[in-house]
file work_14.txt (compact mmCIF, C-alpha atoms)
# COMPACT_ATOMS: atom_id res chain seq x y z
CA MET F 1 -51.17 -92.61 -60.87
CA ASN F 2 -52.62 -95.96 -59.96
CA VAL F 3 -50.18 -98.30 -58.39
CA ASN F 4 -50.84 -101.99 -57.95
CA ASN F 5 -49.78 -102.81 -54.47
CA THR F 6 -49.53 -106.32 -53.21
CA ILE F 7 -51.25 -106.98 -49.92
CA ASP F 8 -47.98 -106.93 -48.04
CA ASN F 9 -47.06 -103.60 -49.49
CA GLN F 10 -49.90 -101.49 -48.13
CA PRO F 11 -49.74 -97.74 -47.88
CA LYS F 12 -48.55 -96.59 -44.48
CA TYR F 13 -51.46 -97.27 -42.19
CA ILE F 14 -51.08 -97.13 -38.44
CA ASN F 15 -51.21 -100.35 -36.45
CA PRO F 16 -54.90 -101.33 -36.18
CA TYR F 17 -54.66 -102.03 -32.45
CA LEU F 18 -53.11 -98.61 -31.87
CA GLY F 19 -55.93 -97.14 -33.99
CA GLY F 20 -58.45 -99.03 -31.90
CA VAL F 21 -56.98 -97.81 -28.61
CA LEU F 22 -56.99 -94.22 -29.88
CA LEU F 23 -60.57 -94.55 -31.09
CA GLY F 24 -61.65 -96.10 -27.78
CA LEU F 25 -60.02 -93.25 -25.85
CA LEU F 26 -61.74 -90.76 -28.15
CA ILE F 27 -65.14 -92.32 -27.43
CA LEU F 28 -64.35 -92.20 -23.72
CA ALA F 29 -63.31 -88.54 -23.96
CA THR F 30 -66.41 -87.71 -26.01
CA VAL F 31 -68.73 -89.35 -23.48
CA TYR F 32 -66.84 -87.67 -20.62
CA ILE F 33 -67.09 -84.21 -22.21
CA THR F 34 -70.45 -84.26 -23.98
CA GLY F 35 -72.34 -87.14 -22.35
CA ARG F 36 -72.91 -88.64 -25.82
CA GLY F 37 -70.93 -90.70 -28.30
CA LEU F 38 -69.75 -90.19 -31.86
CA GLY F 39 -71.94 -90.21 -34.95
CA ALA F 40 -72.08 -89.72 -38.70
CA SER F 41 -75.43 -90.43 -40.36
CA GLY F 42 -77.11 -87.69 -38.31
CA ALA F 43 -75.21 -85.03 -40.24
CA ILE F 44 -76.63 -86.25 -43.56
CA LYS F 45 -80.09 -86.26 -42.01
CA SER F 46 -79.58 -82.62 -41.06
CA ALA F 47 -78.55 -81.86 -44.64
CA VAL F 48 -81.70 -83.58 -45.93
CA VAL F 49 -83.94 -81.66 -43.54
CA THR F 50 -82.21 -78.39 -44.46
CA THR F 51 -82.66 -78.93 -48.20
CA SER F 52 -86.27 -79.92 -47.78
CA ASN F 53 -86.93 -76.99 -45.47
CA THR F 54 -85.44 -74.58 -48.01
CA ILE F 55 -87.45 -75.92 -50.95
CA ALA F 56 -90.76 -76.60 -49.19
CA PRO F 57 -90.87 -75.29 -45.61
CA ALA F 58 -94.55 -76.01 -45.03
CA ALA F 59 -94.36 -79.60 -46.28
CA THR F 60 -91.22 -80.20 -44.22
CA LYS F 61 -92.81 -78.94 -41.04
CA SER F 62 -95.86 -81.13 -41.59
CA ASN F 63 -93.77 -84.21 -42.40
CA ASN F 64 -93.96 -86.36 -39.27
CA TYR F 65 -90.31 -87.29 -39.53
CA MET F 66 -88.51 -84.16 -40.69
CA GLY F 67 -90.85 -81.86 -38.77
CA LYS F 68 -89.22 -83.01 -35.51
CA PHE F 69 -85.88 -81.57 -36.60
CA VAL F 70 -87.11 -78.17 -37.77
CA SER F 71 -86.94 -75.31 -35.31
CA ASP F 72 -87.80 -71.65 -35.66
CA ASP F 73 -84.71 -70.19 -34.06
CA HIS F 74 -81.94 -71.91 -35.98
CA SER F 75 -81.16 -73.81 -39.16
CA PRO F 76 -81.37 -77.62 -39.02
CA MET F 77 -77.67 -77.57 -39.98
CA TYR F 78 -76.83 -76.08 -36.60
CA THR F 79 -76.44 -79.38 -34.80
CA TRP F 80 -73.59 -81.06 -32.97
CA LEU F 81 -73.27 -83.90 -35.48
CA VAL F 82 -72.96 -81.55 -38.47
CA PHE F 83 -69.98 -79.83 -36.84
CA GLU F 84 -68.51 -83.16 -35.80
CA SER F 85 -68.86 -84.54 -39.33
CA LEU F 86 -67.16 -81.46 -40.81
CA GLY F 87 -64.38 -82.30 -38.39
CA VAL F 88 -64.32 -85.90 -39.72
CA LEU F 89 -63.79 -84.60 -43.26
CA LEU F 90 -61.04 -82.30 -42.03
CA GLY F 91 -59.39 -85.00 -39.91
CA GLY F 92 -59.50 -87.45 -42.81
CA LEU F 93 -57.89 -84.85 -45.05
CA LEU F 94 -55.17 -84.13 -42.47
CA SER F 95 -54.30 -87.80 -42.09
CA GLY F 96 -54.42 -88.30 -45.86
CA MET F 97 -52.02 -85.40 -46.33
CA LEU F 98 -49.71 -86.60 -43.61
CA PHE F 99 -49.49 -90.12 -45.03
CA GLY F 100 -49.50 -89.08 -48.69
CA ARG F 101 -52.91 -90.44 -49.64
CA VAL F 102 -54.59 -87.28 -50.92
CA LYS F 103 -54.56 -87.76 -54.68
CA LYS F 104 -56.67 -87.21 -57.77
CA PHE F 105 -60.21 -88.58 -57.79
CA ARG F 106 -60.06 -92.36 -58.01
CA THR F 107 -62.25 -95.37 -57.37
CA ASP F 108 -61.59 -98.37 -55.16
CA ARG F 109 -63.11 -101.56 -56.50
CA GLY F 110 -62.74 -105.30 -56.58
CA PRO F 111 -60.63 -106.76 -59.41
CA GLN F 112 -63.60 -108.21 -61.31
CA ILE F 113 -65.84 -105.18 -61.82
CA THR F 114 -65.62 -101.92 -63.73
CA ASN F 115 -65.42 -98.49 -62.13
CA ARG F 116 -68.90 -97.69 -63.39
CA LYS F 117 -70.37 -100.75 -61.75
CA ARG F 118 -68.56 -99.96 -58.53
CA LEU F 119 -69.93 -96.42 -58.45
CA PHE F 120 -73.44 -97.68 -59.18
CA TRP F 121 -73.32 -100.12 -56.27
CA ALA F 122 -71.74 -97.52 -54.00
CA LEU F 123 -74.73 -95.28 -54.66
CA ILE F 124 -77.22 -98.10 -54.00
CA GLY F 125 -75.30 -99.20 -50.89
CA GLY F 126 -75.24 -95.64 -49.59
CA ALA F 127 -78.99 -95.28 -50.11
CA LEU F 128 -79.64 -98.54 -48.24
CA PHE F 129 -77.29 -97.53 -45.44
CA GLY F 130 -79.10 -94.21 -45.19
CA ILE F 131 -82.51 -95.88 -44.89
CA GLY F 132 -81.26 -98.51 -42.44
CA SER F 133 -79.60 -95.93 -40.21
CA GLN F 134 -82.94 -94.18 -39.70
CA PHE F 135 -84.64 -97.39 -38.56
CA GLY F 136 -81.58 -98.27 -36.48
CA ARG F 137 -81.46 -94.85 -34.76
CA GLY F 138 -77.87 -94.48 -35.88
CA CYS F 139 -75.21 -96.10 -38.01
CA THR F 140 -72.01 -97.97 -37.29
CA SER F 141 -70.55 -95.05 -35.32
CA GLY F 142 -73.58 -93.71 -33.50
CA ALA F 143 -75.46 -96.90 -32.75
CA ALA F 144 -73.11 -99.87 -33.09
CA LEU F 145 -69.89 -98.38 -31.72
CA SER F 146 -70.98 -95.61 -29.33
CA GLY F 147 -74.17 -97.41 -28.33
CA THR F 148 -72.40 -100.64 -27.45
CA SER F 149 -69.61 -98.72 -25.66
CA THR F 150 -72.21 -97.33 -23.29
CA PHE F 151 -73.75 -100.82 -22.88
CA ALA F 152 -76.98 -99.78 -24.63
CA LEU F 153 -79.02 -102.81 -25.71
CA GLY F 154 -79.94 -101.07 -28.97
CA GLY F 155 -76.28 -100.58 -29.86
CA VAL F 156 -75.57 -104.28 -29.47
CA ILE F 157 -78.62 -105.21 -31.57
CA VAL F 158 -77.57 -102.87 -34.40
CA MET F 159 -73.97 -104.09 -34.27
CA PHE F 160 -74.84 -107.78 -34.53
CA SER F 161 -77.53 -107.06 -37.08
CA ILE F 162 -75.19 -105.13 -39.42
CA PHE F 163 -72.22 -107.48 -39.22
CA GLY F 164 -74.35 -110.64 -39.05
CA THR F 165 -76.16 -109.65 -42.25
CA GLY F 166 -72.85 -108.72 -43.86
CA TYR F 167 -71.41 -112.17 -43.24
CA ILE F 168 -74.58 -113.97 -44.34
CA ILE F 169 -74.88 -112.15 -47.66
CA ALA F 170 -71.16 -111.60 -48.43
CA TYR F 171 -70.95 -114.82 -50.44
CA PHE F 172 -73.67 -113.72 -52.87
CA PHE F 173 -71.96 -110.42 -53.65
CA ARG F 174 -68.38 -111.70 -53.73
CA LYS F 175 -67.95 -110.66 -57.39
CA LEU F 176 -67.98 -107.05 -56.21
CA TRP F 177 -64.95 -107.49 -53.98
CA ILE F 178 -62.82 -110.56 -54.70
CA MET C 1 -67.49 -84.64 -12.37
CA GLY C 2 -68.35 -85.61 -15.94
CA PRO C 3 -70.06 -85.43 -18.30
CA LEU C 4 -68.63 -81.92 -18.45
CA ILE C 5 -71.07 -80.12 -20.73
CA PRO C 6 -74.33 -81.57 -19.33
CA ASN C 7 -73.03 -80.79 -15.84
CA GLY C 8 -72.28 -77.18 -16.83
CA ILE C 9 -68.53 -77.46 -16.15
CA ILE C 10 -67.82 -76.50 -19.76
CA GLY C 11 -70.22 -73.86 -21.09
CA ASP C 12 -72.66 -74.57 -23.91
CA GLY C 13 -70.85 -72.10 -26.13
CA TRP C 14 -67.95 -74.50 -26.49
CA ASP C 15 -70.20 -77.26 -27.79
CA PHE C 16 -69.54 -76.75 -31.50
CA VAL C 17 -65.83 -76.04 -31.10
CA ILE C 18 -65.51 -79.33 -29.23
CA ALA C 19 -67.65 -81.04 -31.88
CA ILE C 20 -65.20 -80.02 -34.61
CA LEU C 21 -62.15 -81.04 -32.57
CA ILE C 22 -63.65 -84.43 -31.73
CA GLY C 23 -64.62 -84.86 -35.38
CA ILE C 24 -61.08 -84.08 -36.53
CA ALA C 25 -59.68 -86.70 -34.17
CA PHE C 26 -62.32 -89.21 -35.31
CA GLY C 27 -61.65 -88.61 -39.01
CA PHE C 28 -57.89 -88.70 -38.50
CA ILE C 29 -57.99 -92.05 -36.69
CA LEU C 30 -60.36 -93.62 -39.26
CA GLU C 31 -58.25 -92.48 -42.19
CA ALA C 32 -54.92 -93.33 -40.60
CA ALA C 33 -56.15 -96.87 -39.84
CA GLY C 34 -57.12 -97.41 -43.48
CA PHE C 35 -60.90 -96.91 -43.26
CA SER C 36 -60.86 -94.50 -46.21
CA SER C 37 -60.59 -97.48 -48.58
CA SER C 38 -63.67 -99.56 -49.31
CA ARG C 39 -61.48 -102.53 -50.21
CA ASN C 40 -59.94 -102.51 -46.75
CA LEU C 41 -63.39 -102.30 -45.16
CA ALA C 42 -64.99 -105.03 -47.28
CA GLY C 43 -62.04 -107.28 -46.42
CA VAL C 44 -63.58 -108.06 -43.05
CA PHE C 45 -66.42 -109.93 -44.80
CA TYR C 46 -64.14 -111.87 -47.15
CA GLY C 47 -61.28 -112.63 -44.81
CA TYR C 48 -58.51 -110.79 -46.62
CA ASN C 49 -58.31 -107.80 -44.28
CA PHE C 50 -59.56 -107.75 -40.70
CA VAL C 51 -58.61 -104.16 -39.95
CA VAL C 52 -62.28 -103.29 -39.27
CA LEU C 53 -62.60 -106.02 -36.65
CA ARG C 54 -59.29 -105.08 -34.99
CA VAL C 55 -60.00 -101.36 -34.75
CA PHE C 56 -63.68 -101.75 -33.90
CA PHE C 57 -63.31 -104.36 -31.16
CA THR C 58 -60.25 -102.68 -29.64
CA ALA C 59 -62.08 -99.35 -29.52
CA LEU C 60 -65.12 -101.01 -28.03
CA ILE C 61 -63.33 -102.72 -25.17
CA VAL C 62 -61.15 -99.68 -24.41
CA ALA C 63 -64.24 -97.46 -24.25
CA MET C 64 -66.28 -99.97 -22.22
CA VAL C 65 -63.57 -100.58 -19.65
CA GLY C 66 -62.73 -96.86 -19.60
CA ILE C 67 -66.32 -95.88 -18.88
CA MET C 68 -66.49 -98.43 -16.07
CA TYR C 69 -63.28 -97.05 -14.52
CA PHE C 70 -64.49 -93.47 -14.84
CA ASP C 71 -67.66 -94.52 -13.04
CA TYR C 72 -65.70 -96.41 -10.36
CA LEU C 73 -63.40 -93.44 -9.74
CA GLY C 74 -66.37 -91.11 -9.54
CA TRP C 75 -65.34 -89.05 -12.57
CA LEU C 76 -68.41 -89.76 -14.65
CA ASP C 77 -72.06 -89.73 -13.65
CA LEU C 78 -73.49 -92.59 -15.71
CA SER C 79 -77.04 -91.46 -15.02
CA LYS C 80 -76.33 -88.35 -17.09
CA ILE C 81 -74.91 -89.98 -20.20
CA PHE C 82 -77.04 -90.66 -23.25
CA ILE C 83 -78.20 -94.25 -23.61
CA LEU C 84 -79.36 -95.08 -27.11
CA PRO C 85 -83.07 -96.00 -26.95
CA THR C 86 -83.96 -99.51 -28.05
CA TYR C 87 -86.60 -100.21 -30.69
CA LEU C 88 -86.36 -103.94 -31.11
CA GLY C 89 -87.93 -104.67 -34.52
CA PRO C 90 -86.89 -101.45 -36.28
CA MET C 91 -83.29 -101.83 -35.09
CA ILE C 92 -83.00 -105.40 -36.34
CA VAL C 93 -84.52 -104.43 -39.70
CA GLY C 94 -82.39 -101.28 -39.85
CA GLY C 95 -79.26 -103.31 -39.12
CA VAL C 96 -80.12 -105.82 -41.86
CA ILE C 97 -80.63 -102.99 -44.37
CA MET C 98 -77.33 -101.44 -43.25
CA GLY C 99 -75.66 -104.84 -43.66
CA PHE C 100 -76.77 -104.87 -47.31
CA GLY C 101 -75.62 -101.26 -47.65
CA PHE C 102 -72.20 -102.17 -46.26
CA ILE C 103 -71.62 -105.12 -48.62
CA LEU C 104 -72.93 -103.34 -51.71
CA GLY C 105 -71.51 -99.92 -50.93
CA GLY C 106 -68.27 -100.86 -49.20
CA TYR C 107 -68.47 -98.05 -46.67
CA CYS C 108 -70.42 -96.89 -43.69
CA PRO C 109 -71.27 -93.20 -43.24
CA GLY C 110 -68.29 -92.05 -41.12
CA THR C 111 -65.74 -93.92 -43.19
CA SER C 112 -67.20 -92.62 -46.45
CA PHE C 113 -66.57 -89.04 -45.27
CA THR C 114 -62.87 -89.82 -44.85
CA GLY C 115 -62.84 -91.49 -48.28
CA VAL C 116 -64.31 -88.33 -49.80
CA ALA C 117 -61.65 -86.27 -48.01
CA ILE C 118 -58.81 -88.05 -49.82
CA GLY C 119 -60.46 -88.21 -53.24
CA LYS C 120 -62.28 -91.56 -53.43
CA LEU C 121 -65.10 -91.32 -55.96
CA ASP C 122 -66.81 -94.45 -54.66
CA ALA C 123 -66.97 -92.79 -51.23
CA LEU C 124 -68.51 -89.71 -52.82
CA PHE C 125 -71.18 -91.82 -54.56
CA PHE C 126 -71.85 -93.65 -51.29
CA THR C 127 -72.33 -90.31 -49.51
CA ILE C 128 -74.69 -89.09 -52.23
CA GLY C 129 -76.53 -92.41 -51.80
CA LEU C 130 -76.86 -91.75 -48.06
CA TYR C 131 -78.45 -88.41 -48.80
CA VAL C 132 -80.85 -89.90 -51.36
CA GLY C 133 -81.74 -92.78 -49.03
CA ILE C 134 -82.48 -90.57 -46.04
CA PHE C 135 -84.47 -88.18 -48.22
CA GLY C 136 -86.51 -91.09 -49.56
CA PHE C 137 -87.00 -92.44 -46.05
CA SER C 138 -88.29 -89.06 -44.82
CA LEU C 139 -90.72 -88.62 -47.70
CA ALA C 140 -92.06 -92.16 -47.37
CA PHE C 141 -92.15 -91.98 -43.56
CA PRO C 142 -95.98 -92.03 -43.21
CA LEU C 143 -95.99 -95.50 -44.83
CA PHE C 144 -94.01 -97.10 -42.04
CA GLU C 145 -94.39 -94.68 -39.16
CA ASN C 146 -96.10 -97.29 -36.99
CA PHE C 147 -93.36 -99.82 -37.55
CA TYR C 148 -90.68 -97.16 -36.96
CA ASN C 149 -92.08 -96.47 -33.49
CA SER C 150 -92.77 -100.09 -32.60
CA GLY C 151 -90.88 -102.34 -30.18
CA SER C 152 -89.82 -99.47 -27.93
CA LEU C 153 -88.07 -100.60 -24.76
CA GLY C 154 -86.81 -97.16 -23.71
CA ASN C 155 -83.21 -96.12 -23.03
CA VAL C 156 -82.15 -99.47 -21.65
CA THR C 157 -78.70 -100.92 -21.09
CA LEU C 158 -77.74 -104.58 -21.19
CA THR C 159 -77.78 -104.53 -17.39
CA ASP C 160 -81.32 -103.10 -17.25
CA VAL C 161 -82.56 -105.93 -19.44
CA THR C 162 -80.64 -108.89 -18.02
CA GLY C 163 -79.76 -107.86 -14.47
CA ILE C 164 -76.16 -108.91 -15.16
CA PRO C 165 -73.60 -106.24 -14.08
CA ALA C 166 -71.92 -104.24 -16.87
CA SER C 167 -68.49 -105.52 -15.86
CA TYR C 168 -69.48 -109.05 -16.91
CA PHE C 169 -70.40 -107.78 -20.37
CA ALA C 170 -67.12 -105.86 -20.62
CA LEU C 171 -65.26 -109.04 -19.69
CA ALA C 172 -67.24 -111.15 -22.18
CA PHE C 173 -66.61 -108.67 -25.01
CA THR C 174 -62.91 -108.58 -24.14
CA VAL C 175 -62.58 -112.37 -24.21
CA VAL C 176 -64.48 -112.63 -27.50
CA ALA C 177 -62.39 -109.80 -28.97
CA LEU C 178 -59.08 -111.39 -28.00
CA ALA C 179 -60.20 -114.75 -29.41
CA ALA C 180 -61.29 -113.03 -32.63
CA PHE C 181 -57.96 -111.15 -32.93
CA TRP C 182 -56.11 -114.43 -32.60
CA GLY C 183 -58.32 -116.49 -34.89
CA THR C 184 -58.59 -113.96 -37.70
CA MET C 185 -54.80 -113.69 -37.85
CA PHE C 186 -54.71 -117.22 -39.31
CA ILE C 187 -57.74 -116.75 -41.55
CA GLU C 188 -56.25 -113.58 -43.01
CA LYS C 189 -52.93 -115.26 -43.74
CA ARG C 190 -54.62 -118.16 -45.52
CA VAL C 191 -56.97 -116.03 -47.59
CA ARG C 192 -54.22 -113.62 -48.63
CA LYS C 193 -52.03 -116.47 -49.85
CA ASN C 194 -54.65 -117.33 -52.47
CA MET C 195 -55.39 -113.76 -53.48
CA LYS C 196 -54.31 -111.83 -56.49
CA GLN C 197 -53.19 -108.26 -56.27
CA TYR C 198 -55.07 -105.81 -54.18
CA LYS C 199 -55.35 -102.40 -55.73
CA PHE C 200 -55.74 -99.23 -53.71
call {"tool": "encode", "arguments": {"input": "work_14.txt", "output": "structure tokens"}}
result
Amino acid sequence: MNVNNTIDNQPKYINPYLGGVLLGLLILATVYITGRGLGASGAIKSAVVTTSNTIAPAATKSNNYMGKFVSDDHSPMYTWLVFESLGVLLGGLLSGMLFGRVKKFRTDRGPQITNRKRLFWALIGGALFGIGSQFGRGCTSGAALSGTSTFALGGVIVMFSIFGTGYIIAYFFRKLWI
Amino acid sequence: MGPLIPNGIIGDGWDFVIAILIGIAFGFILEAAGFSSSRNLAGVFYGYNFVVLRVFFTALIVAMVGIMYFDYLGWLDLSKIFILPTYLGPMIVGGVIMGFGFILGGYCPGTSFTGVAIGKLDALFFTIGLYVGIFGFSLAFPLFENFYNSGSLGNVTLTDVTGIPASYFALAFTVVALAAFWGTMFIEKRVRKNMKQYKF
């Protein structure tokens, strides 16, 4: 069932500042335990390398990009970020169950576009984000958030670059969202 | 003294168990804060929902200040933590492309996973898009390999580049964050007053 909620009647989300403190502590704990931060796009990269390596192992090994992530003793799926990302799915599901947000398949979209259009742009946006995250050496979690948390120059560059671009171009794509 | 795994205090065998536990906590926090909805996320660019800014900046300053304290108390050896390498041009270009991806797609990779977990089709399409994009990038890699490796500055921190101590950056980020929390409160109220219904 799709319910039209007004803005003031949002589903039960936790206080954003509490969420932020928890997330900050999690980054701190992750750095303290593993010496690295969080991530997300790396898991998809592993999935890409695994698929490619299954279909065409020789071509994958000779590809200058994917070849770096292929190893003889274990599958490219056997990486820290793949396990972490499985955890993200699981954690999202747990929270969704706890707060009553796990429902039938549905699509979030702005009020002025159709579901089909929304799904089309989600696919395009995902593809762009995927490409950008390779040039950026990480996405919003790995580069912008974890990178900046550890005072890495690259993290700050990626953070300002993503959000700066977002604000500059938001006006031109407002039909998608408002 | 941390980091625990690189220092051999926790054995390598625990690596993947810890990865899953950390992932669960990460996914739980993202979903619970409302990051499983693309409309909530896109709101930061249109002024009707600043949850992204609040969570992101709070997390950032907590982690920054925390890492500085851990260093000060001698709990964490900063020379052993991973510093993201900087590639100037590629990172700016990558960030711009990701900015387009964010506006068009409404998610970023981590948040899209949590959207998939609770049944959001747009999150699923975004995730498929990620896969397609990274596959395309890998296949086309020879075309821009030189650019990809250009502008390398190594694993540098803000302090390495500017000579200004990390604590000054932590302070600056905190001040900017607090100002942003305060300012966006008013923007959000104004924008919401003029908005129609907001469907989840």
call {"tool": "residues_around", "arguments": {"input": "work_14.txt", "residues": "stretch 180-193 of chain C", "least_positions_apart": "2", "cutoff": "9 Å", "atoms": "all atoms listed in the file", "output": "PyMOL selection string"}}
result
(chain F and resi 7) or (chain C and resi 46-50+53-54+57+175-178+195-196)
call {"tool": "residues_around", "arguments": {"input": "work_14.txt", "residues": "C:Leu171", "least_positions_apart": "5", "cutoff": "9 Å", "atoms": "all atoms listed in the file", "output": "CSV table (one decimal) with C-alpha atoms, in the coordinates of the input"}}
result
chain,number,residue,atom,x,y,z
C,61,ILE,CA,-63.3,-102.7,-25.2
C,65,VAL,CA,-63.6,-100.6,-19.6
C,166,ALA,CA,-71.9,-104.2,-16.9
C,176,VAL,CA,-64.5,-112.6,-27.5
call {"tool": "residues_around", "arguments": {"input": "work_14.txt", "residues": "C:Asn149", "least_positions_apart": "2", "cutoff": "12 Å", "atoms": "all atoms listed in the file", "output": "NGL selection string"}}
result
(:F and (64-65 or 134-137)) or (:C and (85-91 or 141-142 or 144-147 or 151-154))
call {"tool": "closest_residue", "arguments": {"input": "work_14.txt", "among": "F:Ala152, F:Val102, F:Met159, F:Leu123", "to": "C:Gly115", "atoms": "all atoms listed in the file"}}
result
F:Val102
call {"tool": "closest_residue", "arguments": {"input": "work_14.txt", "among": "C:Leu130, C:Val156, C:Ala170, C:Ala140", "to": "F:Gly125", "atoms": "all atoms listed in the file"}}
result
C:Leu130
call {"tool": "residues_around", "arguments": {"input": "work_14.txt", "residues": "F:Val31", "least_positions_apart": "5", "cutoff": "8 Å", "atoms": "all atoms listed in the file", "output": "ChimeraX atom specification"}}
result
/F:36-37 /C:3,81
call {"tool": "closest_atom_pairs", "arguments": {"input": "work_14.txt", "of": "stretch 39-147 of chain F", "to": "stretch 13-18 of chain C", "cutoff": "12 Å", "atoms": "all atoms listed in the file", "output": "tab-separated table"}}
result
residue	atom	partner	partner_atom	distance
F:Met77	CA	C:Phe16	CA	11.8
F:Tyr78	CA	C:Phe16	CA	8.9
F:Thr79	CA	C:Phe16	CA	8.1
F:Trp80	CA	C:Phe16	CA	6.1
F:Leu81	CA	C:Phe16	CA	9.0
F:Val82	CA	C:Phe16	CA	9.1
F:Phe83	CA	C:Phe16	CA	6.2
F:Glu84	CA	C:Phe16	CA	7.8
F:Ser85	CA	C:Phe16	CA	11.1
F:Leu86	CA	C:Phe16	CA	10.7
F:Gly87	CA	C:Ile18	CA	9.7
call {"tool": "closest_residue", "arguments": {"input": "work_14.txt", "among": "F:Asn63, F:Thr114, F:Asn53, F:Ser71", "to": "chain C", "atoms": "all atoms listed in the file"}}
result
F:Asn63
call {"tool": "residues_around", "arguments": {"input": "work_14.txt", "residues": "F:Phe120", "least_positions_apart": "2", "cutoff": "12 Å", "atoms": "all atoms listed in the file", "output": "PDB file with C-alpha atoms, keeping the file's coordinate frame"}}
result
ATOM      1  CA  THR F 107     -62.250 -95.370 -57.370  1.00  0.00           C
ATOM      2  CA  ARG F 109     -63.110-101.560 -56.500  1.00  0.00           C
ATOM      3  CA  ILE F 113     -65.840-105.180 -61.820  1.00  0.00           C
ATOM      4  CA  THR F 114     -65.620-101.920 -63.730  1.00  0.00           C
ATOM      5  CA  ASN F 115     -65.420 -98.490 -62.130  1.00  0.00           C
ATOM      6  CA  ARG F 116     -68.900 -97.690 -63.390  1.00  0.00           C
ATOM      7  CA  LYS F 117     -70.370-100.750 -61.750  1.00  0.00           C
ATOM      8  CA  ARG F 118     -68.560 -99.960 -58.530  1.00  0.00           C
ATOM      9  CA  ALA F 122     -71.740 -97.520 -54.000  1.00  0.00           C
ATOM     10  CA  LEU F 123     -74.730 -95.280 -54.660  1.00  0.00           C
ATOM     11  CA  ILE F 124     -77.220 -98.100 -54.000  1.00  0.00           C
ATOM     12  CA  GLY F 125     -75.300 -99.200 -50.890  1.00  0.00           C
ATOM     13  CA  GLY F 126     -75.240 -95.640 -49.590  1.00  0.00           C
ATOM     14  CA  ALA F 127     -78.990 -95.280 -50.110  1.00  0.00           C
ATOM     15  CA  LEU F 176     -67.980-107.050 -56.210  1.00  0.00           C
TER      16      LEU F 176
ATOM     17  CA  LEU C 104     -72.930-103.340 -51.710  1.00  0.00           C
ATOM     18  CA  GLY C 105     -71.510 -99.920 -50.930  1.00  0.00           C
ATOM     19  CA  GLY C 106     -68.270-100.860 -49.200  1.00  0.00           C
ATOM     20  CA  LEU C 121     -65.100 -91.320 -55.960  1.00  0.00           C
ATOM     21  CA  ASP C 122     -66.810 -94.450 -54.660  1.00  0.00           C
ATOM     22  CA  ALA C 123     -66.970 -92.790 -51.230  1.00  0.00           C
ATOM     23  CA  LEU C 124     -68.510 -89.710 -52.820  1.00  0.00           C
ATOM     24  CA  PHE C 125     -71.180 -91.820 -54.560  1.00  0.00           C
ATOM     25  CA  PHE C 126     -71.850 -93.650 -51.290  1.00  0.00           C
ATOM     26  CA  ILE C 128     -74.690 -89.090 -52.230  1.00  0.00           C
ATOM     27  CA  GLY C 129     -76.530 -92.410 -51.800  1.00  0.00           C
TER      28      GLY C 129
END
call {"tool": "axis_aligned_box", "arguments": {"input": "work_14.txt", "around": "stretch 123-139 of chain F", "padding_each_side": "4 Å", "output": "JSON"}}
result
{"center_x": -79.7, "center_y": -96.7, "center_z": -44.7, "size_x": 17.9, "size_y": 13.0, "size_z": 27.9}
call {"tool": "atom_distance", "arguments": {"input": "work_14.txt", "atom1": "atom CA of F:Thr30", "atom2": "atom CA of F:Ser75"}}
result
24.2 Å
call {"tool": "atom_distance", "arguments": {"input": "work_14.txt", "atom1": "atom CA of F:Tyr32", "atom2": "atom CA of C:Ser112"}}
result
26.3 Å
call {"tool": "atom_distance", "arguments": {"input": "work_14.txt", "atom1": "atom CA of C:Ser167", "atom2": "atom CA of C:Met68"}}
result
7.4 Å
call {"tool": "residues_near_point", "arguments": {"input": "work_14.txt", "point": "(-74.2, -83.3, -18.2)", "cutoff": "10 Å", "atoms": "all atoms listed in the file", "output": "ChimeraX atom specification"}}
result
/F:31-36 /C:1-10,76-82
call {"tool": "closest_residue", "arguments": {"input": "work_14.txt", "among": "F:Thr148, F:Ser161, F:Gln112, F:Thr140", "to": "F:Phe173", "atoms": "only C-alpha atoms"}}
result
F:Gln112
call {"tool": "build_atoms", "arguments": {"input": "work_14.txt", "residues": "stretch 147-154 of chain F", "atoms": "N, CA and C atoms", "output": "compact mmCIF listing (two decimals), in the frame of the given file"}}
result
# COMPACT_ATOMS: atom_id res chain seq x y z
N GLY F 147 -73.10 -96.79 -29.10
CA GLY F 147 -74.17 -97.41 -28.33
C GLY F 147 -73.66 -98.59 -27.52
N THR F 148 -72.91 -99.47 -28.16
CA THR F 148 -72.40 -100.64 -27.45
C THR F 148 -71.39 -100.22 -26.37
N SER F 149 -70.58 -99.20 -26.66
CA SER F 149 -69.61 -98.72 -25.66
C SER F 149 -70.28 -98.30 -24.37
N THR F 150 -71.50 -97.77 -24.48
CA THR F 150 -72.21 -97.33 -23.29
C THR F 150 -73.18 -98.42 -22.80
N PHE F 151 -72.98 -99.65 -23.30
CA PHE F 151 -73.75 -100.82 -22.88
C PHE F 151 -75.24 -100.73 -23.23
N ALA F 152 -75.57 -99.89 -24.23
CA ALA F 152 -76.98 -99.78 -24.63
C ALA F 152 -77.39 -101.04 -25.39
N LEU F 153 -78.54 -101.60 -25.04
CA LEU F 153 -79.02 -102.81 -25.71
C LEU F 153 -79.17 -102.55 -27.21
N GLY F 154 -79.73 -101.39 -27.56
CA GLY F 154 -79.94 -101.07 -28.97
C GLY F 154 -78.65 -101.08 -29.78
